[in-house]
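Colleague: Data file input_22.txt (compact mmCIF, N, CA and C atoms and all ligand atoms) is appended below.
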# COMPACT_ATOMS: atom_id res chain seq x y z
N MET N 1 48.54 2.57 36.09
CA MET N 1 48.53 3.77 35.25
C MET N 1 48.62 3.35 33.78
N ILE N 2 47.85 4.03 32.92
CA ILE N 2 47.82 3.70 31.49
C ILE N 2 49.03 4.34 30.80
N GLU N 3 49.71 3.53 29.99
CA GLU N 3 50.86 4.03 29.26
C GLU N 3 50.38 4.91 28.10
N PRO N 4 51.00 6.07 27.88
CA PRO N 4 50.62 6.89 26.72
C PRO N 4 50.85 6.14 25.41
N MET N 5 49.96 6.35 24.43
CA MET N 5 50.08 5.65 23.15
C MET N 5 51.34 6.06 22.38
N THR N 6 51.84 7.25 22.68
CA THR N 6 52.99 7.74 21.94
C THR N 6 54.31 7.13 22.42
N ARG N 7 54.27 6.37 23.50
CA ARG N 7 55.51 5.81 24.02
C ARG N 7 55.98 4.70 23.09
N ILE N 8 57.03 4.95 22.33
CA ILE N 8 57.44 3.98 21.32
C ILE N 8 58.72 3.25 21.67
N ASN N 9 59.47 3.72 22.62
CA ASN N 9 60.69 2.99 22.95
C ASN N 9 61.11 3.36 24.36
N SER N 10 61.99 2.56 24.89
CA SER N 10 62.55 2.83 26.19
C SER N 10 63.93 2.21 26.20
N GLY N 11 64.65 2.47 27.27
CA GLY N 11 65.99 1.91 27.34
C GLY N 11 66.49 1.86 28.76
N LYS N 12 67.52 1.08 28.96
CA LYS N 12 68.17 1.04 30.27
C LYS N 12 69.55 0.43 30.13
N CYS N 13 70.40 0.78 31.10
CA CYS N 13 71.73 0.19 31.15
C CYS N 13 71.62 -1.26 31.64
N ARG N 14 72.73 -1.94 31.70
CA ARG N 14 72.72 -3.36 32.07
C ARG N 14 72.09 -3.59 33.45
N CYS N 15 72.38 -2.69 34.41
CA CYS N 15 71.87 -2.91 35.78
C CYS N 15 70.52 -2.24 35.99
N GLY N 16 70.11 -1.35 35.08
CA GLY N 16 68.82 -0.69 35.20
C GLY N 16 68.82 0.59 36.03
N ALA N 17 69.98 1.00 36.53
CA ALA N 17 70.02 2.25 37.31
C ALA N 17 69.68 3.44 36.41
N TYR N 18 70.23 3.45 35.19
CA TYR N 18 69.89 4.48 34.21
C TYR N 18 68.79 3.92 33.33
N ARG N 19 67.63 4.56 33.31
CA ARG N 19 66.52 4.10 32.49
C ARG N 19 65.72 5.29 32.00
N PHE N 20 65.04 5.11 30.87
CA PHE N 20 64.33 6.23 30.25
C PHE N 20 63.27 5.72 29.30
N HIS N 21 62.35 6.62 28.96
CA HIS N 21 61.37 6.40 27.90
C HIS N 21 61.55 7.49 26.87
N VAL N 22 61.26 7.18 25.61
CA VAL N 22 61.22 8.20 24.57
C VAL N 22 59.83 8.20 23.96
N SER N 23 59.32 9.40 23.67
CA SER N 23 57.95 9.54 23.17
C SER N 23 57.91 9.74 21.66
N GLU N 24 59.09 9.83 21.02
CA GLU N 24 59.15 9.99 19.57
C GLU N 24 60.16 9.02 19.00
N GLU N 25 60.03 8.79 17.69
CA GLU N 25 61.03 7.98 17.01
C GLU N 25 62.34 8.77 16.91
N PRO N 26 63.46 8.08 16.79
CA PRO N 26 64.71 8.81 16.57
C PRO N 26 64.68 9.55 15.24
N PHE N 27 65.25 10.75 15.22
CA PHE N 27 65.29 11.52 13.97
C PHE N 27 66.53 11.18 13.15
N TRP N 28 67.46 10.44 13.76
CA TRP N 28 68.71 10.13 13.07
C TRP N 28 69.25 8.82 13.61
N VAL N 29 69.62 7.90 12.72
CA VAL N 29 70.22 6.63 13.16
C VAL N 29 71.43 6.38 12.27
N SER N 30 72.58 6.24 12.90
CA SER N 30 73.83 6.16 12.13
C SER N 30 74.79 5.15 12.74
N TYR N 31 75.46 4.41 11.85
CA TYR N 31 76.66 3.70 12.28
C TYR N 31 77.73 4.73 12.58
N CYS N 32 78.59 4.45 13.55
CA CYS N 32 79.79 5.28 13.72
C CYS N 32 81.00 4.35 13.79
N HIS N 33 81.95 4.62 12.89
CA HIS N 33 83.15 3.80 12.79
C HIS N 33 84.36 4.48 13.45
N CYS N 34 84.15 5.56 14.19
CA CYS N 34 85.31 6.31 14.69
C CYS N 34 86.00 5.57 15.85
N GLY N 35 87.29 5.86 15.96
CA GLY N 35 88.10 5.23 17.00
C GLY N 35 87.68 5.62 18.40
N ASP N 36 87.14 6.83 18.55
CA ASP N 36 86.69 7.28 19.88
C ASP N 36 85.51 6.43 20.35
N CYS N 37 84.60 6.11 19.43
CA CYS N 37 83.48 5.23 19.81
C CYS N 37 83.97 3.82 20.13
N ARG N 38 85.01 3.37 19.41
CA ARG N 38 85.56 2.04 19.73
C ARG N 38 86.09 2.02 21.15
N LYS N 39 86.81 3.08 21.54
CA LYS N 39 87.33 3.16 22.90
C LYS N 39 86.19 3.18 23.92
N SER N 40 85.14 3.92 23.59
CA SER N 40 84.05 4.14 24.55
C SER N 40 83.14 2.93 24.70
N THR N 41 83.08 2.10 23.66
CA THR N 41 82.14 0.98 23.70
C THR N 41 82.82 -0.38 23.74
N GLY N 42 84.07 -0.46 23.26
CA GLY N 42 84.75 -1.75 23.14
C GLY N 42 84.34 -2.53 21.92
N ALA N 43 83.45 -1.99 21.11
CA ALA N 43 82.94 -2.71 19.93
C ALA N 43 83.59 -2.14 18.67
N PRO N 44 83.72 -2.96 17.60
CA PRO N 44 84.38 -2.48 16.38
C PRO N 44 83.60 -1.38 15.66
N VAL N 45 82.29 -1.34 15.85
CA VAL N 45 81.47 -0.27 15.27
C VAL N 45 80.26 -0.12 16.19
N THR N 46 79.69 1.08 16.22
CA THR N 46 78.48 1.25 17.02
C THR N 46 77.37 1.84 16.15
N VAL N 47 76.16 1.83 16.67
CA VAL N 47 75.02 2.50 16.03
C VAL N 47 74.42 3.44 17.06
N PHE N 48 74.22 4.68 16.61
CA PHE N 48 73.58 5.71 17.45
C PHE N 48 72.17 5.99 16.98
N ALA N 49 71.28 6.23 17.93
CA ALA N 49 69.94 6.72 17.62
C ALA N 49 69.83 8.10 18.26
N GLY N 50 69.57 9.11 17.42
CA GLY N 50 69.46 10.49 17.90
C GLY N 50 68.02 10.85 18.23
N PHE N 51 67.80 11.39 19.42
CA PHE N 51 66.47 11.80 19.86
C PHE N 51 66.50 13.27 20.27
N LYS N 52 65.36 13.95 20.09
CA LYS N 52 65.20 15.27 20.68
C LYS N 52 65.14 15.11 22.19
N ILE N 53 65.91 15.94 22.87
CA ILE N 53 66.04 15.77 24.32
C ILE N 53 64.68 15.91 25.02
N GLU N 54 63.77 16.73 24.43
CA GLU N 54 62.48 16.91 25.08
C GLU N 54 61.58 15.68 24.96
N SER N 55 61.95 14.74 24.09
CA SER N 55 61.15 13.52 23.96
C SER N 55 61.63 12.42 24.91
N VAL N 56 62.70 12.70 25.65
CA VAL N 56 63.28 11.70 26.55
C VAL N 56 62.88 12.00 27.99
N LYS N 57 62.39 10.98 28.67
CA LYS N 57 62.03 11.12 30.09
C LYS N 57 62.86 10.13 30.89
N LEU N 58 63.76 10.66 31.70
CA LEU N 58 64.57 9.80 32.57
C LEU N 58 63.71 9.31 33.72
N THR N 59 63.82 8.01 34.02
CA THR N 59 63.04 7.45 35.13
C THR N 59 63.95 6.80 36.17
N GLY N 60 65.25 6.93 36.00
CA GLY N 60 66.19 6.36 36.97
C GLY N 60 67.22 7.38 37.37
N CYS N 61 68.45 6.90 37.58
CA CYS N 61 69.54 7.79 38.02
C CYS N 61 70.08 8.59 36.84
N GLU N 62 70.76 9.68 37.15
CA GLU N 62 71.49 10.42 36.13
C GLU N 62 72.67 9.58 35.66
N ALA N 63 73.09 9.78 34.41
CA ALA N 63 74.30 9.13 33.90
C ALA N 63 75.53 9.82 34.48
N THR N 64 76.61 9.08 34.56
CA THR N 64 77.91 9.67 34.83
C THR N 64 78.49 10.13 33.50
N THR N 65 79.26 11.20 33.52
CA THR N 65 79.73 11.79 32.26
C THR N 65 81.25 11.79 32.17
N TYR N 66 81.73 11.80 30.93
CA TYR N 66 83.16 11.90 30.66
C TYR N 66 83.36 12.75 29.41
N ARG N 67 84.30 13.69 29.48
CA ARG N 67 84.61 14.55 28.34
C ARG N 67 86.08 14.40 27.97
N ALA N 68 86.33 13.85 26.76
CA ALA N 68 87.71 13.82 26.26
C ALA N 68 88.02 15.12 25.53
N ILE N 69 86.98 15.70 24.90
CA ILE N 69 87.09 17.02 24.29
C ILE N 69 85.93 17.85 24.81
N PRO N 70 86.08 19.19 24.84
CA PRO N 70 85.06 20.02 25.50
C PRO N 70 83.67 19.90 24.87
N GLU N 71 83.60 19.62 23.56
CA GLU N 71 82.30 19.65 22.88
C GLU N 71 81.44 18.40 23.17
N VAL N 72 82.08 17.28 23.43
CA VAL N 72 81.36 16.00 23.47
C VAL N 72 81.36 15.42 24.88
N THR N 73 80.18 15.13 25.38
CA THR N 73 80.02 14.49 26.68
C THR N 73 79.53 13.08 26.47
N ARG N 74 80.33 12.11 26.87
CA ARG N 74 79.91 10.70 26.82
C ARG N 74 79.22 10.35 28.13
N LEU N 75 78.18 9.55 28.02
CA LEU N 75 77.39 9.15 29.18
C LEU N 75 77.59 7.66 29.44
N PHE N 76 77.72 7.28 30.70
CA PHE N 76 77.81 5.87 31.04
C PHE N 76 77.25 5.66 32.44
N CYS N 77 76.96 4.41 32.76
CA CYS N 77 76.48 4.09 34.10
C CYS N 77 77.68 3.79 34.99
N SER N 78 77.81 4.52 36.08
CA SER N 78 78.96 4.30 36.96
C SER N 78 78.81 3.03 37.79
N ARG N 79 77.61 2.45 37.81
CA ARG N 79 77.40 1.24 38.60
C ARG N 79 77.78 -0.01 37.81
N CYS N 80 77.28 -0.11 36.55
CA CYS N 80 77.53 -1.33 35.76
C CYS N 80 78.47 -1.08 34.58
N GLY N 81 78.80 0.18 34.29
CA GLY N 81 79.76 0.47 33.24
C GLY N 81 79.20 0.53 31.83
N THR N 82 77.90 0.35 31.68
CA THR N 82 77.31 0.36 30.34
C THR N 82 77.51 1.72 29.66
N PRO N 83 78.06 1.73 28.44
CA PRO N 83 78.06 2.98 27.66
C PRO N 83 76.62 3.34 27.30
N ILE N 84 76.23 4.59 27.50
CA ILE N 84 74.84 5.01 27.29
C ILE N 84 74.69 5.82 26.02
N GLY N 85 75.60 6.76 25.78
CA GLY N 85 75.47 7.59 24.59
C GLY N 85 76.30 8.84 24.73
N TYR N 86 75.92 9.88 23.97
CA TYR N 86 76.66 11.13 24.06
C TYR N 86 75.77 12.31 23.72
N GLN N 87 76.25 13.48 24.13
CA GLN N 87 75.67 14.75 23.73
C GLN N 87 76.80 15.63 23.23
N ASP N 88 76.48 16.49 22.24
CA ASP N 88 77.48 17.36 21.63
C ASP N 88 76.92 18.78 21.70
N VAL N 89 77.68 19.71 22.28
CA VAL N 89 77.19 21.08 22.41
C VAL N 89 76.93 21.72 21.06
N ARG N 90 77.53 21.14 19.99
CA ARG N 90 77.31 21.67 18.63
C ARG N 90 75.99 21.16 18.05
N LEU N 91 75.34 20.22 18.75
CA LEU N 91 74.03 19.69 18.34
C LEU N 91 73.07 19.88 19.51
N PRO N 92 72.70 21.14 19.79
CA PRO N 92 71.93 21.42 21.01
C PRO N 92 70.54 20.79 20.97
N GLY N 93 70.07 20.38 22.13
CA GLY N 93 68.73 19.82 22.24
C GLY N 93 68.62 18.39 21.77
N GLU N 94 69.75 17.73 21.54
CA GLU N 94 69.74 16.37 21.02
C GLU N 94 70.53 15.45 21.94
N ILE N 95 70.12 14.17 21.98
CA ILE N 95 70.88 13.15 22.70
C ILE N 95 70.97 11.92 21.81
N TYR N 96 72.13 11.33 21.79
CA TYR N 96 72.40 10.16 20.95
C TYR N 96 72.64 8.96 21.85
N TYR N 97 71.77 7.96 21.74
CA TYR N 97 71.91 6.74 22.53
C TYR N 97 72.53 5.64 21.70
N TYR N 98 73.43 4.86 22.31
CA TYR N 98 73.90 3.63 21.68
C TYR N 98 72.72 2.68 21.56
N ILE N 99 72.62 2.03 20.42
CA ILE N 99 71.46 1.19 20.17
C ILE N 99 71.35 0.05 21.19
N GLY N 100 72.50 -0.35 21.75
CA GLY N 100 72.50 -1.48 22.67
C GLY N 100 71.68 -1.26 23.92
N ILE N 101 71.40 -0.01 24.31
CA ILE N 101 70.64 0.20 25.54
C ILE N 101 69.15 0.37 25.27
N LEU N 102 68.74 0.41 23.99
CA LEU N 102 67.31 0.51 23.69
C LEU N 102 66.63 -0.85 23.87
N GLU N 103 65.39 -0.84 24.31
CA GLU N 103 64.65 -2.09 24.48
C GLU N 103 64.22 -2.66 23.14
N GLU N 104 63.76 -1.77 22.23
CA GLU N 104 63.33 -2.20 20.90
C GLU N 104 64.42 -1.82 19.92
N GLN N 105 65.26 -2.78 19.54
CA GLN N 105 66.42 -2.46 18.70
C GLN N 105 66.15 -2.72 17.22
N THR N 106 65.27 -3.66 16.91
CA THR N 106 65.09 -4.02 15.50
C THR N 106 64.33 -2.95 14.73
N ILE N 107 63.59 -2.08 15.42
CA ILE N 107 62.83 -1.03 14.73
C ILE N 107 63.67 0.22 14.50
N VAL N 108 64.90 0.23 15.03
CA VAL N 108 65.77 1.40 14.89
C VAL N 108 66.86 1.03 13.87
N VAL N 109 66.65 1.46 12.64
CA VAL N 109 67.46 0.97 11.51
C VAL N 109 68.42 2.06 11.05
N PRO N 110 69.72 1.75 10.97
CA PRO N 110 70.69 2.77 10.52
C PRO N 110 70.39 3.28 9.12
N GLN N 111 70.62 4.59 8.94
CA GLN N 111 70.40 5.26 7.65
C GLN N 111 71.70 5.60 6.94
N VAL N 112 72.78 5.73 7.69
CA VAL N 112 74.07 6.19 7.14
C VAL N 112 75.22 5.54 7.91
N HIS N 113 76.41 5.64 7.29
CA HIS N 113 77.66 5.31 7.96
C HIS N 113 78.43 6.61 8.20
N ALA N 114 78.95 6.80 9.39
CA ALA N 114 79.76 7.97 9.71
C ALA N 114 81.19 7.55 10.05
N TRP N 115 82.13 8.45 9.78
CA TRP N 115 83.55 8.25 10.12
C TRP N 115 84.14 7.00 9.46
N THR N 116 83.79 6.80 8.19
CA THR N 116 84.32 5.61 7.50
C THR N 116 85.83 5.69 7.31
N VAL N 117 86.40 6.90 7.45
CA VAL N 117 87.85 7.04 7.33
C VAL N 117 88.56 6.25 8.44
N GLU N 118 87.85 5.98 9.54
CA GLU N 118 88.45 5.23 10.66
C GLU N 118 87.89 3.81 10.78
N ARG N 119 87.16 3.37 9.75
CA ARG N 119 86.57 2.03 9.79
C ARG N 119 87.66 0.95 9.83
N LEU N 120 87.44 -0.08 10.62
CA LEU N 120 88.40 -1.19 10.67
C LEU N 120 88.41 -1.91 9.33
N CYS N 121 89.62 -2.20 8.83
CA CYS N 121 89.75 -2.73 7.47
C CYS N 121 89.11 -4.11 7.32
N TRP N 122 89.02 -4.87 8.41
CA TRP N 122 88.45 -6.23 8.30
C TRP N 122 86.95 -6.27 8.54
N LEU N 123 86.37 -5.12 8.82
CA LEU N 123 84.93 -5.07 9.10
C LEU N 123 84.17 -4.85 7.79
N ASN N 124 83.45 -5.85 7.36
CA ASN N 124 82.72 -5.76 6.09
C ASN N 124 81.22 -5.72 6.35
N ILE N 125 80.63 -4.56 6.07
CA ILE N 125 79.18 -4.41 6.13
C ILE N 125 78.74 -4.06 4.71
N THR N 126 78.00 -4.96 4.11
CA THR N 126 77.61 -4.73 2.71
C THR N 126 76.19 -4.17 2.65
N ASP N 127 76.09 -2.89 2.45
CA ASP N 127 74.80 -2.23 2.21
C ASP N 127 75.06 -1.05 1.30
N ASP N 128 73.99 -0.39 0.89
CA ASP N 128 74.12 0.74 -0.01
C ASP N 128 73.83 2.06 0.69
N LEU N 129 74.00 2.09 2.01
CA LEU N 129 73.71 3.31 2.75
C LEU N 129 74.74 4.39 2.42
N PRO N 130 74.32 5.66 2.49
CA PRO N 130 75.27 6.74 2.30
C PRO N 130 76.39 6.67 3.34
N SER N 131 77.60 6.99 2.91
CA SER N 131 78.76 6.94 3.79
C SER N 131 79.41 8.31 3.87
N TYR N 132 79.83 8.66 5.08
CA TYR N 132 80.52 9.92 5.29
C TYR N 132 81.89 9.63 5.90
N GLN N 133 82.92 10.27 5.35
CA GLN N 133 84.26 10.03 5.89
C GLN N 133 84.37 10.54 7.32
N HIS N 134 83.64 11.62 7.62
CA HIS N 134 83.69 12.18 8.96
C HIS N 134 82.28 12.20 9.53
N PHE N 135 81.87 13.30 10.15
CA PHE N 135 80.54 13.38 10.73
C PHE N 135 79.46 13.17 9.67
N SER N 136 78.38 12.48 10.03
CA SER N 136 77.24 12.36 9.12
C SER N 136 76.29 13.55 9.26
N ARG N 137 76.42 14.29 10.36
CA ARG N 137 75.65 15.52 10.51
C ARG N 137 76.64 16.66 10.66
N PRO N 138 76.44 17.76 9.96
CA PRO N 138 77.38 18.88 10.04
C PRO N 138 77.47 19.45 11.45
N ARG N 139 78.68 19.79 11.87
CA ARG N 139 78.91 20.45 13.17
C ARG N 139 79.28 21.89 12.92
ZN ZN E 201 73.86 0.44 35.11
ZN ZN E 202 82.03 7.72 16.77
What's the structure tokens form of this structure?

Modeller:
Amino acid sequence: MIEPMTRINSGKCRCGAYRFHVSEEPFWVSYCHCGDCRKSTGAPVTVFAGFKIESVKLTGCEATTYRAIPEVTRLFCSRCGTPIGYQDVRLPGEIYYYIGILEEQTIVVPQVHAWTVERLCWLNITDDLPSYQHFSRPR
């Protein structure tokens, strides 16, 4: 079968049970320095790529979900434990994937820093990107 020309990225968890294709570029790419993301990923900072949900085609299993607060659903693979991303009911129609699960990571470049109020003091990233103390997108 011929792959559509619009297919620009894909992703999967470590074991490949959760896998997907996206047909559009991400509309938003942000560092997140919040403590909740640190808990969810184990990493000192993460990068999210936001996609319109209609541009995402799942080709594997559904993600397992976890909600610490009612608005935010974190997604992960229950088989291999890979953090997948999150959805926020205040941002309808959107899904945010952790950059680590994308196949093409170098083409997804962060535009902003979010939650710098919770940034680890020893983490030095020197760039001139806009920084937000809290959310980089209004809720
Ligand atoms: Zn997996
Ligand atoms: Zn965060």

Colleague: Between N:Arg79, N:Lys39, N:His21, N:Arg74, which one has atoms that come closest to ligand ZN 201 (chain E), using only N, CA and C atoms and all ligand atoms?

Modeller: N:Arg79

Colleague: Which residues form the shell of 6.5 Å around ligand ZN 201 (chain E) when you count only N, CA and C atoms and all ligand atoms, given as a list of chain:residue names?

Modeller: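 Those within range of ligand ZN 201 (chain E) are N:Cys13, N:Arg14, N:Cys15, N:Gly16, N:Ala17, N:Tyr18, N:Cys77, N:Ser78, N:Arg79, N:Cys80, N:Gly81, N:Thr82.
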
Colleague: Residues within 8 Å of ligand ZN 202 (chain E) (all atoms listed in the file), as an NGL selection string?

Modeller: :N and (31-38 or 46 or 114-115)

Colleague: Generate the output file for the selected residues, N, CA and C atoms, as an mmCIF file, in the coordinates of the input.

Modeller:
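Writing done, so here's selection_11.cif:
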data_model
loop_
_atom_site.group_PDB
_atom_site.id
_atom_site.type_symbol
_atom_site.label_atom_id
_atom_site.label_comp_id
_atom_site.auth_asym_id
_atom_site.auth_seq_id
_atom_site.Cartn_x
_atom_site.Cartn_y
_atom_site.Cartn_z
ATOM 1 N N TYR N 31 75.460 4.410 11.850
ATOM 2 C CA TYR N 31 76.660 3.700 12.280
ATOM 3 C C TYR N 31 77.730 4.730 12.580
ATOM 4 N N CYS N 32 78.590 4.450 13.550
ATOM 5 C CA CYS N 32 79.790 5.280 13.720
ATOM 6 C C CYS N 32 81.000 4.350 13.790
ATOM 7 N N HIS N 33 81.950 4.620 12.890
ATOM 8 C CA HIS N 33 83.150 3.800 12.790
ATOM 9 C C HIS N 33 84.360 4.480 13.450
ATOM 10 N N CYS N 34 84.150 5.560 14.190
ATOM 11 C CA CYS N 34 85.310 6.310 14.690
ATOM 12 C C CYS N 34 86.000 5.570 15.850
ATOM 13 N N GLY N 35 87.290 5.860 15.960
ATOM 14 C CA GLY N 35 88.100 5.230 17.000
ATOM 15 C C GLY N 35 87.680 5.620 18.400
ATOM 16 N N ASP N 36 87.140 6.830 18.550
ATOM 17 C CA ASP N 36 86.690 7.280 19.880
ATOM 18 C C ASP N 36 85.510 6.430 20.350
ATOM 19 N N CYS N 37 84.600 6.110 19.430
ATOM 20 C CA CYS N 37 83.480 5.230 19.810
ATOM 21 C C CYS N 37 83.970 3.820 20.130
ATOM 22 N N ARG N 38 85.010 3.370 19.410
ATOM 23 C CA ARG N 38 85.560 2.040 19.730
ATOM 24 C C ARG N 38 86.090 2.020 21.150
ATOM 25 N N THR N 46 79.690 1.080 16.220
ATOM 26 C CA THR N 46 78.480 1.250 17.020
ATOM 27 C C THR N 46 77.370 1.840 16.150
ATOM 28 N N ALA N 114 78.950 6.800 9.390
ATOM 29 C CA ALA N 114 79.760 7.970 9.710
ATOM 30 C C ALA N 114 81.190 7.550 10.050
ATOM 31 N N TRP N 115 82.130 8.450 9.780
ATOM 32 C CA TRP N 115 83.550 8.250 10.120
ATOM 33 C C TRP N 115 84.140 7.000 9.460
#

Colleague: Which distance in Å separates atom C of Lys57 of chain N and atom N of Tyr97 of chain N, to one decimal?

Modeller: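 It comes out at 13.0 Å.
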
Colleague: Which residues are near segment 52-56 of chain N? Cut-off 6.5 Å, all atoms listed in the file, ignore same chain within fewer than 2 positions. Put them as a list in words.

Modeller: Phe20, His21, Val22, Ser23, Glu24, Pro26, Phe27, Gly50, Leu58, Gly93, Glu94 and Ile95 of chain N

Colleague: With only C-alpha atoms as the counted atoms, please give the residues lying no more than 6 Å from Ile84 of chain N, apart from itself and same-chain residues fewer than 6 positions off, as a PDB file with N, CA and C atoms, in the coordinates of the input.

Modeller:
ATOM      1  N   LEU N  75      78.180   9.550  28.020  1.00  0.00           N
ATOM      2  CA  LEU N  75      77.390   9.150  29.180  1.00  0.00           C
ATOM      3  C   LEU N  75      77.590   7.660  29.440  1.00  0.00           C
ATOM      4  N   PHE N  76      77.720   7.280  30.700  1.00  0.00           N
ATOM      5  CA  PHE N  76      77.810   5.870  31.040  1.00  0.00           C
ATOM      6  C   PHE N  76      77.250   5.660  32.440  1.00  0.00           C
ATOM      7  N   TYR N  97      71.770   7.960  21.740  1.00  0.00           N
ATOM      8  CA  TYR N  97      71.910   6.740  22.530  1.00  0.00           C
ATOM      9  C   TYR N  97      72.530   5.640  21.700  1.00  0.00           C
ATOM     10  N   TYR N  98      73.430   4.860  22.310  1.00  0.00           N
ATOM     11  CA  TYR N  98      73.900   3.630  21.680  1.00  0.00           C
ATOM     12  C   TYR N  98      72.720   2.680  21.560  1.00  0.00           C
TER      13      TYR N  98
END

Colleague: Going by DSSP on the backbone, which bits of segment 87-117 of chain N are strand (DSSP E)? Write them as a PyMOL selection string, please.

Modeller: chain N and resi 87-88+94-98+112-114

Colleague: Enclose the full set of atoms of segment 102-114 of chain N listed in the file within a box whose edges lie along x, y and z, apply 5 Å of padding to each of the six sides, and report centre and edge lengths in Å to one decimal as AutoDock Vina command-line options.

Modeller:
--center_x 72.0 --center_y 2.0 --center_z 15.7 --size_x 28.4 --size_y 22.0 --size_z 27.5

Colleague: So which one's closest to Ile99 of chain N, N:Glu71, N:Tyr86, N:Val47, N:His113? Using all atoms listed in the file, please.

Modeller: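 Residue with the minimum atom-to-atom distance to Ile99 of chain N: N:Val47.
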
Colleague: Just add all heavy atoms to segment 94-100 of chain N and send it as a PDB file, in the coordinates of the input.

Modeller:
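Written output follows (result-v3.pdb):
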ATOM      1  N   GLU N  94      69.750  17.730  21.540  1.00  0.00           N
ATOM      2  CA  GLU N  94      69.740  16.370  21.020  1.00  0.00           C
ATOM      3  C   GLU N  94      70.530  15.450  21.940  1.00  0.00           C
ATOM      4  O   GLU N  94      71.488  15.868  22.583  1.00  0.00           O
ATOM      5  CB  GLU N  94      70.369  16.338  19.614  1.00  0.00           C
ATOM      6  CG  GLU N  94      69.647  17.251  18.633  1.00  0.00           C
ATOM      7  CD  GLU N  94      70.321  17.329  17.271  1.00  0.00           C
ATOM      8  OE1 GLU N  94      71.324  16.623  17.044  1.00  0.00           O
ATOM      9  OE2 GLU N  94      69.834  18.111  16.438  1.00  0.00           O
ATOM     10  N   ILE N  95      70.120  14.170  21.980  1.00  0.00           N
ATOM     11  CA  ILE N  95      70.880  13.150  22.700  1.00  0.00           C
ATOM     12  C   ILE N  95      70.970  11.920  21.810  1.00  0.00           C
ATOM     13  O   ILE N  95      70.004  11.576  21.124  1.00  0.00           O
ATOM     14  CB  ILE N  95      70.272  12.835  24.077  1.00  0.00           C
ATOM     15  CG1 ILE N  95      71.185  11.867  24.846  1.00  0.00           C
ATOM     16  CG2 ILE N  95      68.843  12.290  23.961  1.00  0.00           C
ATOM     17  CD1 ILE N  95      70.852  11.763  26.337  1.00  0.00           C
ATOM     18  N   TYR N  96      72.130  11.330  21.790  1.00  0.00           N
ATOM     19  CA  TYR N  96      72.400  10.160  20.950  1.00  0.00           C
ATOM     20  C   TYR N  96      72.640   8.960  21.850  1.00  0.00           C
ATOM     21  O   TYR N  96      73.591   8.953  22.639  1.00  0.00           O
ATOM     22  CB  TYR N  96      73.602  10.417  20.037  1.00  0.00           C
ATOM     23  CG  TYR N  96      73.267  11.453  18.992  1.00  0.00           C
ATOM     24  CD1 TYR N  96      73.273  12.809  19.307  1.00  0.00           C
ATOM     25  CD2 TYR N  96      72.884  11.078  17.719  1.00  0.00           C
ATOM     26  CE1 TYR N  96      72.910  13.764  18.371  1.00  0.00           C
ATOM     27  CE2 TYR N  96      72.522  12.027  16.773  1.00  0.00           C
ATOM     28  CZ  TYR N  96      72.536  13.360  17.107  1.00  0.00           C
ATOM     29  OH  TYR N  96      72.158  14.307  16.185  1.00  0.00           O
ATOM     30  N   TYR N  97      71.770   7.960  21.740  1.00  0.00           N
ATOM     31  CA  TYR N  97      71.910   6.740  22.530  1.00  0.00           C
ATOM     32  C   TYR N  97      72.530   5.640  21.700  1.00  0.00           C
ATOM     33  O   TYR N  97      72.187   5.462  20.524  1.00  0.00           O
ATOM     34  CB  TYR N  97      70.535   6.272  23.025  1.00  0.00           C
ATOM     35  CG  TYR N  97      69.982   7.070  24.180  1.00  0.00           C
ATOM     36  CD1 TYR N  97      68.765   7.724  24.077  1.00  0.00           C
ATOM     37  CD2 TYR N  97      70.674   7.144  25.385  1.00  0.00           C
ATOM     38  CE1 TYR N  97      68.248   8.445  25.146  1.00  0.00           C
ATOM     39  CE2 TYR N  97      70.170   7.874  26.456  1.00  0.00           C
ATOM     40  CZ  TYR N  97      68.958   8.513  26.328  1.00  0.00           C
ATOM     41  OH  TYR N  97      68.464   9.223  27.380  1.00  0.00           O
ATOM     42  N   TYR N  98      73.430   4.860  22.310  1.00  0.00           N
ATOM     43  CA  TYR N  98      73.900   3.630  21.680  1.00  0.00           C
ATOM     44  C   TYR N  98      72.720   2.680  21.560  1.00  0.00           C
ATOM     45  O   TYR N  98      71.933   2.525  22.505  1.00  0.00           O
ATOM     46  CB  TYR N  98      74.995   2.974  22.516  1.00  0.00           C
ATOM     47  CG  TYR N  98      76.225   3.813  22.725  1.00  0.00           C
ATOM     48  CD1 TYR N  98      76.602   4.212  23.997  1.00  0.00           C
ATOM     49  CD2 TYR N  98      77.018   4.202  21.647  1.00  0.00           C
ATOM     50  CE1 TYR N  98      77.743   4.980  24.206  1.00  0.00           C
ATOM     51  CE2 TYR N  98      78.156   4.974  21.852  1.00  0.00           C
ATOM     52  CZ  TYR N  98      78.512   5.358  23.132  1.00  0.00           C
ATOM     53  OH  TYR N  98      79.621   6.127  23.330  1.00  0.00           O
ATOM     54  N   ILE N  99      72.620   2.030  20.420  1.00  0.00           N
ATOM     55  CA  ILE N  99      71.460   1.190  20.170  1.00  0.00           C
ATOM     56  C   ILE N  99      71.350   0.050  21.190  1.00  0.00           C
ATOM     57  O   ILE N  99      70.259  -0.427  21.481  1.00  0.00           O
ATOM     58  CB  ILE N  99      71.482   0.643  18.724  1.00  0.00           C
ATOM     59  CG1 ILE N  99      70.114   0.081  18.361  1.00  0.00           C
ATOM     60  CG2 ILE N  99      72.596  -0.389  18.538  1.00  0.00           C
ATOM     61  CD1 ILE N  99      69.950  -0.222  16.896  1.00  0.00           C
ATOM     62  N   GLY N 100      72.500  -0.350  21.750  1.00  0.00           N
ATOM     63  CA  GLY N 100      72.500  -1.480  22.670  1.00  0.00           C
ATOM     64  C   GLY N 100      71.680  -1.260  23.920  1.00  0.00           C
ATOM     65  O   GLY N 100      71.267  -2.238  24.573  1.00  0.00           O
TER      66      GLY N 100
END
